[in-house]
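Just below is one structure, and these are the notes that go with it.
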Amino acid sequence: MTTASLASGLSAGLDPRALIVFEQVCLSGSISAAARALGVSQPSVSQTIASLEARLGSSLLKRKANGISLTPEGRALRVKAAALSNLLHDARAVVAHAAQGVSGPIKIGGTPGALVSLVPRAVRLLDQMREAFEMSVIEASEQVLSDMLQRREIELALVTTGISDPGDAYREWTVAQDPFSLIVGRNHDGLPSSIMISEVSDLPWVLPREGGGFRRQISSLFVGAQVTEPTNVIRCDSLLTTKSIVRTTDRVTILPRGVVEAELSVGVLRAIEIRDVTFQRRIGIRALNGIDLTPLAARVIEVLRRGIS
């Protein structure tokens with residue numbers, strides 16, 4: 001919920017407390033359970049929801065014997081109610097931290113590869129400022145991250161960028177580029193230092209499962225090389241598990257060099273140049289449009305954009 005939309009809702013006579021009650025009903029799954037969680041009577045919760053529905057001119061809930069379900073209008077409102085609830089919770093935390101001289105808290109979500117590439121860099125640069133701060137880091141798919149941004153559960157999402165237009169709802173900053181490489185374990189010491197995808201397409205693979213930007217980029221590599229995606233493949237979205245499988249088996253994968261830096265430095269994995277790759281992986285930051293960033297979020301973006309290559 002933007003500051004403007006929140007102000008518009010309040011001027012239209014929406015009681016923010018009613019939205020908090022509505023969100024609790026959604027979380028609890030029933031009017032009675034929400035009343036217990038809030039420490040109020042069931043009739044009070046029912047009356048609050050009824051007043052909210054009357055004010056909006058829409059039915060928000062369908063009452064059932066075993067609880068409630070949301071109408072389309074209810075599902076739309078829940079996104080805003082959740083955003084308001086998270087905003088109020090964060091407001092308390094920000095004030096408490098400021099009293100102790102600590103910035104934040106900030107909640108950052110990201111896809112596995114983007115987190116590995118960007119979070120350590122951001123933390124290192126922020127620590128150089130000698131400023132105490134609190135940060136929470138959450139790993140999720142791109143679709144889940146978009147939903148979390150809308151509900152204000154996170155302030156920034158670290159994702160693959162440049163694949164598609166983020167639309168009017170989001171702002172994006174590309175802050176790093178990293179070449180894709182064929183990543184292999186010691187079982188493939190005989191492979192040369194550069195290779196074509198077609199030369200290794202028959203090997204056993206580990207590739208991402210989720211249909212996010214990273215998966216689309218990998219698929220584009222095979223399409224660009226005019227090679228069918230492998231069928232002898234393990235689909236895995238855990239970066240740690242993917243690297244472990246490749247390190248201990250004959251399977252290979254494609255990853256940006258930056259996410260396997262530690263393993264490359266000690267020689268347990270090897271990065272092989274892929275000669276027919278025509279683009280680099282781009283990663284960056286996504287945030288809601290029309291939202292004033294907190295000072296700590298703005299500093300995270302600033303320090304990461306300084307290091308763009």
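Scheme for the structure tokens: letters A, B, ... for chains in order shown; per-chain residue numbers from 1; ligand numbers from 1 in order shown.
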Counting only C-alpha atoms, which residues of segment 204-293 of chain A sit at most 10 Å from some atom of segment 144-152 of chain A, and what is each one's closest atom pair with its distance in Å to one decimal, listed by chain and rising residue number, as a tab-separated table?
residue	atom	partner	partner_atom	distance
A:Arg286	CA	A:Ser146	CA	8.8
A:Ala287	CA	A:Leu149	CA	7.0
A:Leu288	CA	A:Leu149	CA	6.6
*Within 7 Å of segment 103-113 of chain A, counting only C-alpha atoms, which residues show up once you throw out same-chain ones fewer than 5 positions away? Write them as a PyMOL selection string, please.*
chain A and resi 93-94+97-98+132-142+145+154-159+239+259+296-297
Keeping only N, CA, C and O atoms, take the residues you just selected and write them out as an mmCIF file, in the first residue's frame.
data_model
loop_
_atom_site.group_PDB
_atom_site.id
_atom_site.type_symbol
_atom_site.label_atom_id
_atom_site.label_comp_id
_atom_site.auth_asym_id
_atom_site.auth_seq_id
_atom_site.Cartn_x
_atom_site.Cartn_y
_atom_site.Cartn_z
ATOM 1 N N ALA A 93 9.085 -1.433 15.191
ATOM 2 C CA ALA A 93 10.459 -1.935 15.234
ATOM 3 C C ALA A 93 11.466 -0.842 14.896
ATOM 4 O O ALA A 93 12.536 -0.747 15.518
ATOM 5 N N VAL A 94 11.136 -0.002 13.909
ATOM 6 C CA VAL A 94 12.047 1.076 13.511
ATOM 7 C C VAL A 94 12.282 2.047 14.659
ATOM 8 O O VAL A 94 13.418 2.470 14.926
ATOM 9 N N HIS A 97 14.463 0.377 17.348
ATOM 10 C CA HIS A 97 15.862 0.287 16.934
ATOM 11 C C HIS A 97 16.536 1.656 16.962
ATOM 12 O O HIS A 97 17.702 1.781 17.358
ATOM 13 N N ALA A 98 15.807 2.685 16.515
ATOM 14 C CA ALA A 98 16.388 4.027 16.507
ATOM 15 C C ALA A 98 16.774 4.468 17.902
ATOM 16 O O ALA A 98 17.795 5.149 18.098
ATOM 17 N N ALA A 132 25.606 0.286 12.930
ATOM 18 C CA ALA A 132 24.876 -0.907 13.363
ATOM 19 C C ALA A 132 23.537 -0.979 12.627
ATOM 20 O O ALA A 132 22.859 0.035 12.451
ATOM 21 N N PHE A 133 23.167 -2.167 12.184
ATOM 22 C CA PHE A 133 21.884 -2.332 11.501
ATOM 23 C C PHE A 133 21.382 -3.756 11.695
ATOM 24 O O PHE A 133 22.153 -4.668 12.016
ATOM 25 N N GLU A 134 20.066 -3.942 11.504
ATOM 26 C CA GLU A 134 19.460 -5.278 11.544
ATOM 27 C C GLU A 134 18.881 -5.585 10.177
ATOM 28 O O GLU A 134 18.160 -4.781 9.589
ATOM 29 N N MET A 135 19.193 -6.789 9.667
ATOM 30 C CA MET A 135 18.737 -7.216 8.356
ATOM 31 C C MET A 135 18.248 -8.655 8.432
ATOM 32 O O MET A 135 18.880 -9.499 9.063
ATOM 33 N N SER A 136 17.111 -8.918 7.794
ATOM 34 C CA SER A 136 16.614 -10.285 7.643
ATOM 35 C C SER A 136 16.669 -10.644 6.170
ATOM 36 O O SER A 136 16.302 -9.833 5.312
ATOM 37 N N VAL A 137 17.130 -11.865 5.871
ATOM 38 C CA VAL A 137 17.286 -12.316 4.486
ATOM 39 C C VAL A 137 16.425 -13.552 4.274
ATOM 40 O O VAL A 137 16.515 -14.517 5.039
ATOM 41 N N ILE A 138 15.591 -13.517 3.229
ATOM 42 C CA ILE A 138 14.632 -14.585 2.963
ATOM 43 C C ILE A 138 14.837 -15.081 1.536
ATOM 44 O O ILE A 138 14.865 -14.291 0.588
ATOM 45 N N GLU A 139 14.962 -16.393 1.358
ATOM 46 C CA GLU A 139 15.122 -16.991 0.035
ATOM 47 C C GLU A 139 13.773 -17.474 -0.477
ATOM 48 O O GLU A 139 13.029 -18.144 0.233
ATOM 49 N N ALA A 140 13.456 -17.142 -1.726
ATOM 50 C CA ALA A 140 12.177 -17.556 -2.304
ATOM 51 C C ALA A 140 12.254 -17.438 -3.823
ATOM 52 O O ALA A 140 13.214 -16.902 -4.376
ATOM 53 N N SER A 141 11.221 -17.953 -4.499
ATOM 54 C CA SER A 141 11.133 -17.828 -5.953
ATOM 55 C C SER A 141 10.717 -16.409 -6.321
ATOM 56 O O SER A 141 10.219 -15.645 -5.488
ATOM 57 N N GLU A 142 10.875 -16.057 -7.593
ATOM 58 C CA GLU A 142 10.544 -14.697 -8.025
ATOM 59 C C GLU A 142 9.068 -14.382 -7.816
ATOM 60 O O GLU A 142 8.719 -13.265 -7.414
ATOM 61 N N LEU A 145 8.449 -13.726 -4.223
ATOM 62 C CA LEU A 145 9.042 -12.438 -3.850
ATOM 63 C C LEU A 145 8.153 -11.271 -4.282
ATOM 64 O O LEU A 145 8.010 -10.290 -3.552
ATOM 65 N N ILE A 154 8.593 -7.834 2.631
ATOM 66 C CA ILE A 154 9.992 -7.486 2.374
ATOM 67 C C ILE A 154 10.005 -6.100 1.737
ATOM 68 O O ILE A 154 9.015 -5.656 1.161
ATOM 69 N N GLU A 155 11.146 -5.423 1.839
ATOM 70 C CA GLU A 155 11.257 -4.098 1.229
ATOM 71 C C GLU A 155 11.981 -4.153 -0.100
ATOM 72 O O GLU A 155 11.667 -3.369 -1.014
ATOM 73 N N LEU A 156 12.944 -5.061 -0.219
ATOM 74 C CA LEU A 156 13.713 -5.206 -1.444
ATOM 75 C C LEU A 156 13.758 -6.673 -1.848
ATOM 76 O O LEU A 156 13.818 -7.557 -0.992
ATOM 77 N N ALA A 157 13.753 -6.927 -3.169
ATOM 78 C CA ALA A 157 13.918 -8.283 -3.688
ATOM 79 C C ALA A 157 15.139 -8.297 -4.601
ATOM 80 O O ALA A 157 15.290 -7.422 -5.463
ATOM 81 N N LEU A 158 16.023 -9.258 -4.396
ATOM 82 C CA LEU A 158 17.214 -9.420 -5.232
ATOM 83 C C LEU A 158 16.926 -10.521 -6.244
ATOM 84 O O LEU A 158 16.708 -11.675 -5.865
ATOM 85 N N VAL A 159 16.915 -10.163 -7.521
ATOM 86 C CA VAL A 159 16.417 -11.069 -8.554
ATOM 87 C C VAL A 159 17.222 -10.931 -9.842
ATOM 88 O O VAL A 159 18.038 -10.025 -9.990
ATOM 89 N N LEU A 239 20.635 -23.934 -4.405
ATOM 90 C CA LEU A 239 21.976 -23.704 -4.916
ATOM 91 C C LEU A 239 23.001 -24.571 -4.190
ATOM 92 O O LEU A 239 23.900 -25.146 -4.802
ATOM 93 N N VAL A 259 28.639 -17.262 -8.121
ATOM 94 C CA VAL A 259 27.966 -18.034 -7.067
ATOM 95 C C VAL A 259 28.753 -19.282 -6.682
ATOM 96 O O VAL A 259 28.372 -19.987 -5.741
ATOM 97 N N LEU A 296 17.786 2.812 5.338
ATOM 98 C CA LEU A 296 18.673 1.655 5.213
ATOM 99 C C LEU A 296 18.513 0.992 3.847
ATOM 100 O O LEU A 296 19.496 0.580 3.219
ATOM 101 N N ALA A 297 17.279 0.870 3.347
ATOM 102 C CA ALA A 297 17.052 0.295 2.022
ATOM 103 C C ALA A 297 17.727 1.142 0.953
ATOM 104 O O ALA A 297 18.339 0.615 0.010
#
Test item: residues at most 7 Å from Pro179 of chain A, only C-alpha atoms, excluding those fewer than 3 positions along its chain, as a PDB file with C-alpha atoms, in the first residue's frame:
ATOM      1  CA  PRO A 256      27.251 -17.707 -12.941  1.00  0.00           C
ATOM      2  CA  ARG A 257      30.884 -17.820 -11.838  1.00  0.00           C
ATOM      3  CA  GLN A 280      25.635 -12.460 -19.319  1.00  0.00           C
ATOM      4  CA  ARG A 281      23.476 -13.023 -16.305  1.00  0.00           C
TER       5      ARG A 281
END
_From a backbone DSSP assignment, name each residue in segment 172-290 of chain A labelled alpha helix (DSSP H), as a PyMOL selection string._
chain A and resi 197-200+213-224+239-248+261-266
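Nearest to Thr228 of chain A of all the residues A:Asn289, A:Thr48, A:Thr249, A:Ser198 is A:Ser198, based on only C-alpha atoms.
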*asked:* Please determine, counting only C-alpha atoms, which residue among A:Ser265, A:Ser58, A:Ser194, A:Gln143 has the shortest atom-to-atom distance to Thr71 of chain A.
replied: A:Ser58
_If we count only C-alpha atoms and set the cut-off at 6 Å, which residues sit around Gly67 of chain A, ignoring sequence neighbours fewer than 2 positions away in its own chain? Please answer as a PyMOL selection string._
chain A and resi 29-30+64-65
*asked:* Report as a ChimeraX atom specification all protein, DNA and RNA residues lying within 12 Å of Thr161 of chain A, evaluated on only C-alpha atoms, omitting residues in the same chain fewer than 4 positions from it.
replied: /A:110-111,114,142,157,165-166,170-178,212-214,216-217,280-286
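Residue nearest Leu240 of chain A within the list A:Val184, A:Ala298, A:Val116, A:Ala83: A:Val116 [criterion: smallest interatomic distance, only C-alpha atoms].
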